[in-house]
Amino acid sequence: MSTTTQSIGHTVAHESARAQIAGAAPYIDDLPELRGTLYAAPILSTVAHGRINEIHTAAALALPGVVAIVLASDVPGDPMLAAFAGDEPVFARDTVQHIGQVIGLVVANDVMLARRAARLVKLDITPLPAILTVPDALAAKSYVLPPVTVARGDAEAALARAPHQLSGMLEVGGQEHFYLEGQIAYALPQEQNQWLIYSSSQHPGEVQHWAAHALGLDNHAVRVECRRLGGGFGGKETQAGHLAVWAAVAAAKVKRPVKLRLDRDDDFLITGKRHPFSYQYTVGFDDTGRLCGLKLMMAAHCGFSADLSGPVADRAIFHADNAYYLQDVAITSYRLKLHTQSHTAFRGFGGPQGMIVTETILGDIARQLGLDPLTVRLCNLYSDEPLNPAEPGLRRDTTHYGMQVEGNILQPLLSTLEQSAQYQQRLEAISAWNKQQQTLKRGIALTPIKFGISFTATLFNQAGALVHVYLDGSVQVNHGGVEMGQGLNTKVAQIVADELGVPLAKVLATASDTSKIPNASATAASAGTDLNGRAAQFAARHVRDNLAAFVGGLDGVGAGAVTFQGGQVFTPKTTRTFDAVVQLAYANRIQLWSDGFYRTPKIHYDKTTLSGRPFYYFAYGAACTEVAIDTLTGENKVMRVDILHDVGRSINPGLDVGQIEGGFVQGMGWLTTEELVWNDKGLLTTHAPSTYKIPTAGDIPAHFKVDLWDAPNTEDNVGGSKAVGEPPFMLAISVFEALRDAVARARDDGEVVQLNAPATPEKLLKALTQAR
């Protein structure tokens, strides 16, 4: 840690890093279990769509140590989950909607016994027609939510007058969250029908609400706690609520504590993934590659229930522009119901699915015109350029949903990366290499991102926090966010330490707890530090103001003349230690704790038209990626990555760089190796690490350089920072575009590259041989 008295702006180790390395940081499965704890395992549907006739439980109940079978009829409260759309049962009742849907639980004295017994439950299910493909869903108008259309200008007319047109289709696969800590909940009955639930959740407040709803109780009777979770990536936003409800319903039936921890295979089959998307588009453009008009159809594969598909698909619409001005555009979004797992939040929350199709289109336009793709990207960027010289007030700076792009740094950021990554020189080197090599071909791409920061549902953009100062001068902070490895608690502690002027070591951040901060929003949308950090800052500021007024009174000076820094409290007359001031204040009955509340300003939008200002600000970035492909096998490797990313004034540069690196690699996995495959029966066949391949250390390029854009947030955000959790994920689109560039260079035919994601060796080989 730096020797400066300021904590913000300096790299500080993650608050749990040493404990995690030593294996001393407990997760839910490490917590001591109460005497009498039982263990649950799920009973899963083996049919994609069917009518439940009978559930045969005798064989399972006959096993010694099996205590109970829990089914839909055992739910004390509402049999439907308290999800927004109200379309998902706690346990399947009359019908099943996907292979892996939870029909009930086996509760036993031992984890493995419960799992063995669950497999002995025999299900009598009459199969019903299942919708498993996008064409079938579109034909049947099978939707979890109604279609949405957003338009600006006249796309049809713009296409008709455009000098060039291009039409195409794209398929982009989903992605398994593959958190290191699987889904888990531990439900403990308390006195007088109260409950304590330990949940590996990004949204303890929602877990509280869902569990109370299923138990038939008021929210105040359920307390949910989460000290940390071993990765979430969106997969524990709503999906963790299922586990908590199931465990609580089981515990209510047997009147004993129940722990439910899914094994990896069951986790794959039960939980939702990143939404796969299908696209159809027609684009018009001029001789420079500038877009004239765009008609775009997006079909989100939502699975059997709505879950978060509405806002995910909305954000995909919001981010279909990525960094580019779309003048005449019409986007139609279908939210398709298929008989698969209900897909859910995943890092980027629809943003990646919106951006990738536009990057694909721009890459193909460049190849059609024989231009460098970066040149085409640069000419389409948002800018202050007038739309029409005769109307200088109308500029290329407003999104298709009506939000002005302020604080735009796209042009200088891309130009800086172009120089630092030696893009032009490498273009020449790659061309020379490809001329000499028959089998190994290289490609390169430099792509930008513009990612909106805020929950698109305006009501979630609020947060609360508590700051307690104890008699010895130590400080405890509690907020509604969840620490899931991203360093949220570390950043919040840095903010509080600086606000009180104390060393960081004096500040302790504690577990997320619904009994401390009520109604907290999910730790999602990259807004964890923005919201909770600001709320904690305000709470600390209230305490500091109390102390300043007290000390000012002692010394006969105004509170504004009192400063706090380096564990000291200064007035024009004297200096005291922070600890001494705290003790004096307590003796004089001065409040040493406070709450803080923050709501994001400026945001608003019309949910019916998807127009307005849904985001507080935009985070920007760019990545330059070079790849190599084997034209005989389709095997490929990322050779070099250079990133320049905008985090505003970083609160903790080390943590931010870690998030950028991790997000990029996770995005690279989505677009290259992580392939989800359902068979014609609706079974997810890639449901284990043996068949589903996340990136490994061997996939990291030898040259992996991350630089931070050094400028503060133009909006009044905490510490001048910008969010960093999700935006870097989309930097990996440069990998996909570099692979398409390598294919185009290998084919050298000037044709569109038809490549779906993930770009597995099989798909690359097909793209290489296409049109030959």
# chains A, B, ... in the order shown; residues from 1 in each chain; ligands from 1
>>> select_by_dssp(residues="range 194-247 of chain A", states="strand (DSSP E or B)", output="JSON, numbers by chain")
{"A": [195, 196, 197, 198, 199, 222, 223, 224, 225, 226]}
>>> select_by_dssp(residues="range 116-278 of chain A", states="alpha helix (DSSP H)", output="NGL selection string")
:A and (116-118 or 134-140 or 155-161 or 204-215 or 239-254 or 264-270)
>>> closest_atom_pairs(of="range 285-368 of chain A", to="range 167-173 of chain A", cutoff="9 Å", atoms="only C-alpha atoms", output="Markdown table")
| residue | atom | partner | partner_atom | distance |
| --- | --- | --- | --- | --- |
| A:Gln353 | CA | A:Val172 | CA | 7.5 |
| A:Ile356 | CA | A:Val172 | CA | 8.6 |
| A:Val357 | CA | A:Leu170 | CA | 7.3 |
| A:Thr360 | CA | A:Leu170 | CA | 8.6 |
| A:Ile361 | CA | A:Gly168 | CA | 8.4 |
>>> closest_residue(among="A:Phe91, A:Tyr198, A:Tyr598, A:Tyr692", to="Val249 in chain A", atoms="only C-alpha atoms")
A:Phe91
>>> atom_distance(atom1="CA of Ala445 in chain A", atom2="CA of Ala738 in chain A")
4.6 Å
>>> atom_distance(atom1="CA of Gln194 in chain A", atom2="CA of Arg228 in chain A")
23.0 Å
>>> closest_residue(among="A:Ile694, A:Ala527, A:Leu413, A:Cys292", to="Arg161 in chain A", atoms="only C-alpha atoms")
A:Cys292
>>> atom_distance(atom1="CA of Ala522 in chain A", atom2="CA of Lys253 in chain A")
29.1 Å
>>> residues_around(residues="range 562-577 of chain A", least_positions_apart="5", cutoff="8 Å", atoms="only C-alpha atoms", output="PyMOL selection string")
chain A and resi 5-6+498+500-503+548+551-552+555+557
>>> closest_atom_pairs(of="range 9-98 of chain A", to="range 475-493 of chain A", cutoff="8 Å", atoms="only C-alpha atoms", output="CSV")
residue,atom,partner,partner_atom,distance
A:Val12,CA,A:Thr490,CA,7.8
A:Ala13,CA,A:Thr490,CA,7.9
A:His14,CA,A:Gly487,CA,5.7
A:Glu15,CA,A:Thr490,CA,5.4
>>> write_last_selection(atoms="C-alpha atoms", output="short mmCIF file (atom, residue, chain, number, x, y, z; two decimals), in the first residue's frame")
data_model
loop_
_atom_site.label_atom_id
_atom_site.label_comp_id
_atom_site.auth_asym_id
_atom_site.auth_seq_id
_atom_site.Cartn_x
_atom_site.Cartn_y
_atom_site.Cartn_z
CA VAL A 12 -4.65 -2.08 -2.13
CA ALA A 13 -4.86 -5.85 -1.77
CA HIS A 14 -8.34 -7.37 -1.74
CA GLU A 15 -9.59 -7.42 1.84
#
>>> closest_residue(among="A:Leu123, A:Val144, A:Leu260, A:Leu610", to="Ile197 in chain A", atoms="only C-alpha atoms")
A:Leu260
>>> residues_around(residues="Ala688 in chain A", least_positions_apart="2", cutoff="8 Å", atoms="only C-alpha atoms", output="ChimeraX atom specification")
/A:264-265,268,686,690-692
>>> closest_residue(among="A:Ser73, A:Thr447, A:Ser309, A:Thr37", to="Ala247 in chain A", atoms="only C-alpha atoms")
A:Thr37
>>> residues_around(residues="range 101-111 of chain A", least_positions_apart="6", cutoff="7 Å", atoms="only C-alpha atoms", output="list in words")
Leu38, Tyr39, Ala40, Ala41, Pro42, Ile43, Leu44, Ser45, Gly65, Val66, Val67, Ala68, Ile69, Val70, Leu71, Ala72, Phe91, Ala92, Ala117, Ala118 and Ile270 of chain A
>>> write_last_selection(atoms="all heavy atoms", output="tab-separated table (two decimals), in the first residue's frame")
chain	number	residue	atom	x	y	z
A	38	LEU	N	-29.96	-31.36	7.94
A	38	LEU	CA	-30.21	-32.36	6.90
A	38	LEU	C	-29.77	-31.80	5.55
A	38	LEU	O	-29.49	-30.60	5.41
A	38	LEU	CB	-31.70	-32.72	6.86
A	38	LEU	CG	-32.26	-33.36	8.13
A	38	LEU	CD1	-33.77	-33.51	8.03
A	38	LEU	CD2	-31.60	-34.71	8.41
A	39	TYR	N	-29.74	-32.68	4.55
A	39	TYR	CA	-29.19	-32.32	3.24
A	39	TYR	C	-30.21	-32.67	2.17
A	39	TYR	O	-30.84	-33.73	2.21
A	39	TYR	CB	-27.87	-33.03	3.00
A	39	TYR	CG	-26.91	-32.79	4.14
A	39	TYR	CD1	-26.90	-33.64	5.24
A	39	TYR	CD2	-26.06	-31.69	4.14
A	39	TYR	CE1	-26.05	-33.41	6.31
A	39	TYR	CE2	-25.21	-31.45	5.21
A	39	TYR	CZ	-25.21	-32.31	6.30
A	39	TYR	OH	-24.38	-32.07	7.36
A	40	ALA	N	-30.34	-31.78	1.20
A	40	ALA	CA	-31.34	-31.98	0.16
A	40	ALA	C	-30.66	-32.19	-1.19
A	40	ALA	O	-29.54	-31.72	-1.43
A	40	ALA	CB	-32.27	-30.78	0.08
A	41	ALA	N	-31.35	-32.89	-2.06
A	41	ALA	CA	-30.91	-33.09	-3.45
A	41	ALA	C	-32.14	-33.00	-4.35
A	41	ALA	O	-33.23	-33.44	-3.95
A	41	ALA	CB	-30.22	-34.44	-3.62
A	42	PRO	N	-32.00	-32.46	-5.55
A	42	PRO	CA	-33.17	-32.22	-6.40
A	42	PRO	C	-33.59	-33.45	-7.20
A	42	PRO	O	-32.77	-34.28	-7.60
A	42	PRO	CB	-32.68	-31.11	-7.34
A	42	PRO	CG	-31.20	-31.35	-7.46
A	42	PRO	CD	-30.76	-31.86	-6.11
A	43	ILE	N	-34.87	-33.54	-7.42
A	43	ILE	CA	-35.47	-34.52	-8.32
A	43	ILE	C	-35.73	-33.80	-9.64
A	43	ILE	O	-36.46	-32.80	-9.67
A	43	ILE	CB	-36.79	-35.08	-7.76
A	43	ILE	CG1	-36.56	-35.72	-6.38
A	43	ILE	CG2	-37.41	-36.08	-8.72
A	43	ILE	CD1	-37.84	-35.94	-5.59
A	44	LEU	N	-35.13	-34.25	-10.72
A	44	LEU	CA	-35.13	-33.50	-11.97
A	44	LEU	C	-36.00	-34.14	-13.04
A	44	LEU	O	-36.03	-35.37	-13.19
A	44	LEU	CB	-33.70	-33.38	-12.51
A	44	LEU	CG	-32.66	-32.80	-11.56
A	44	LEU	CD1	-31.32	-32.68	-12.26
A	44	LEU	CD2	-33.10	-31.45	-11.03
A	45	SER	N	-36.66	-33.29	-13.82
A	45	SER	CA	-37.41	-33.77	-14.96
A	45	SER	C	-36.47	-34.38	-16.00
A	45	SER	O	-35.39	-33.85	-16.25
A	45	SER	CB	-38.18	-32.61	-15.60
A	45	SER	OG	-38.69	-33.00	-16.86
A	65	GLY	N	-32.01	-43.53	6.27
A	65	GLY	CA	-31.42	-42.20	6.33
A	65	GLY	C	-32.15	-41.17	5.51
A	65	GLY	O	-31.90	-39.97	5.66
A	66	VAL	N	-33.06	-41.59	4.63
A	66	VAL	CA	-33.89	-40.64	3.89
A	66	VAL	C	-35.02	-40.19	4.79
A	66	VAL	O	-35.76	-41.02	5.35
A	66	VAL	CB	-34.43	-41.26	2.59
A	66	VAL	CG1	-35.45	-40.33	1.94
A	66	VAL	CG2	-33.29	-41.53	1.63
A	67	VAL	N	-35.19	-38.90	4.95
A	67	VAL	CA	-36.13	-38.35	5.92
A	67	VAL	C	-37.45	-37.94	5.28
A	67	VAL	O	-38.52	-38.13	5.85
A	67	VAL	CB	-35.50	-37.15	6.66
A	67	VAL	CG1	-36.50	-36.49	7.60
A	67	VAL	CG2	-34.26	-37.59	7.42
A	68	ALA	N	-37.38	-37.34	4.08
A	68	ALA	CA	-38.61	-36.82	3.48
A	68	ALA	C	-38.43	-36.59	1.99
A	68	ALA	O	-37.32	-36.44	1.49
A	68	ALA	CB	-39.02	-35.52	4.16
A	69	ILE	N	-39.56	-36.56	1.30
A	69	ILE	CA	-39.65	-36.09	-0.08
A	69	ILE	C	-40.46	-34.80	-0.05
A	69	ILE	O	-41.52	-34.74	0.58
A	69	ILE	CB	-40.34	-37.10	-1.00
A	69	ILE	CG1	-39.63	-38.46	-0.95
A	69	ILE	CG2	-40.39	-36.56	-2.43
A	69	ILE	CD1	-38.27	-38.50	-1.58
A	70	VAL	N	-39.96	-33.77	-0.70
A	70	VAL	CA	-40.62	-32.46	-0.70
A	70	VAL	C	-41.09	-32.17	-2.12
A	70	VAL	O	-40.29	-32.17	-3.06
A	70	VAL	CB	-39.66	-31.36	-0.22
A	70	VAL	CG1	-40.39	-30.02	-0.14
A	70	VAL	CG2	-39.06	-31.71	1.14
A	71	LEU	N	-42.40	-31.91	-2.26
A	71	LEU	CA	-43.00	-31.67	-3.57
A	71	LEU	C	-43.79	-30.36	-3.54
A	71	LEU	O	-43.85	-29.68	-2.51
A	71	LEU	CB	-43.90	-32.84	-3.95
A	71	LEU	CG	-43.23	-34.21	-4.04
A	71	LEU	CD1	-44.27	-35.31	-4.23
A	71	LEU	CD2	-42.21	-34.25	-5.16
A	72	ALA	N	-44.41	-30.02	-4.66
A	72	ALA	CA	-45.14	-28.76	-4.76
A	72	ALA	C	-46.22	-28.63	-3.70
A	72	ALA	O	-46.48	-27.52	-3.20
A	72	ALA	CB	-45.75	-28.63	-6.16
A	91	PHE	N	-41.87	-25.65	-7.37
A	91	PHE	CA	-41.58	-26.99	-7.90
A	91	PHE	C	-42.58	-27.25	-9.03
A	91	PHE	O	-43.72	-26.76	-8.98
A	91	PHE	CB	-41.75	-28.06	-6.83
A	91	PHE	CG	-40.78	-27.96	-5.68
A	91	PHE	CD1	-41.24	-27.72	-4.39
A	91	PHE	CD2	-39.42	-28.11	-5.88
A	91	PHE	CE1	-40.35	-27.62	-3.33
A	91	PHE	CE2	-38.53	-28.02	-4.83
A	91	PHE	CZ	-38.99	-27.77	-3.55
A	92	ALA	N	-42.16	-28.01	-10.04
A	92	ALA	CA	-43.07	-28.34	-11.13
A	92	ALA	C	-44.32	-28.99	-10.56
A	92	ALA	O	-44.25	-29.83	-9.66
A	92	ALA	CB	-42.38	-29.28	-12.12
A	117	ALA	N	-30.73	-41.13	-3.56
A	117	ALA	CA	-32.17	-41.34	-3.41
A	117	ALA	C	-32.95	-40.57	-4.46
A	117	ALA	O	-33.97	-41.06	-4.97
A	117	ALA	CB	-32.61	-40.93	-2.00
A	118	ALA	N	-32.49	-39.36	-4.80
A	118	ALA	CA	-33.20	-38.57	-5.80
A	118	ALA	C	-33.26	-39.30	-7.14
A	118	ALA	O	-34.25	-39.18	-7.88
A	118	ALA	CB	-32.52	-37.21	-5.97
A	270	ILE	N	-30.03	-27.36	-14.29
A	270	ILE	CA	-31.11	-26.62	-13.64
A	270	ILE	C	-31.07	-25.14	-13.96
A	270	ILE	O	-32.10	-24.52	-14.27
A	270	ILE	CB	-31.04	-26.82	-12.11
A	270	ILE	CG1	-31.33	-28.28	-11.74
A	270	ILE	CG2	-32.00	-25.89	-11.39
A	270	ILE	CD1	-31.00	-28.62	-10.30
>>> closest_residue(among="A:Trp670, A:Trp678, A:Phe729, A:Phe618", to="His177 in chain A", atoms="only C-alpha atoms")
A:Trp670
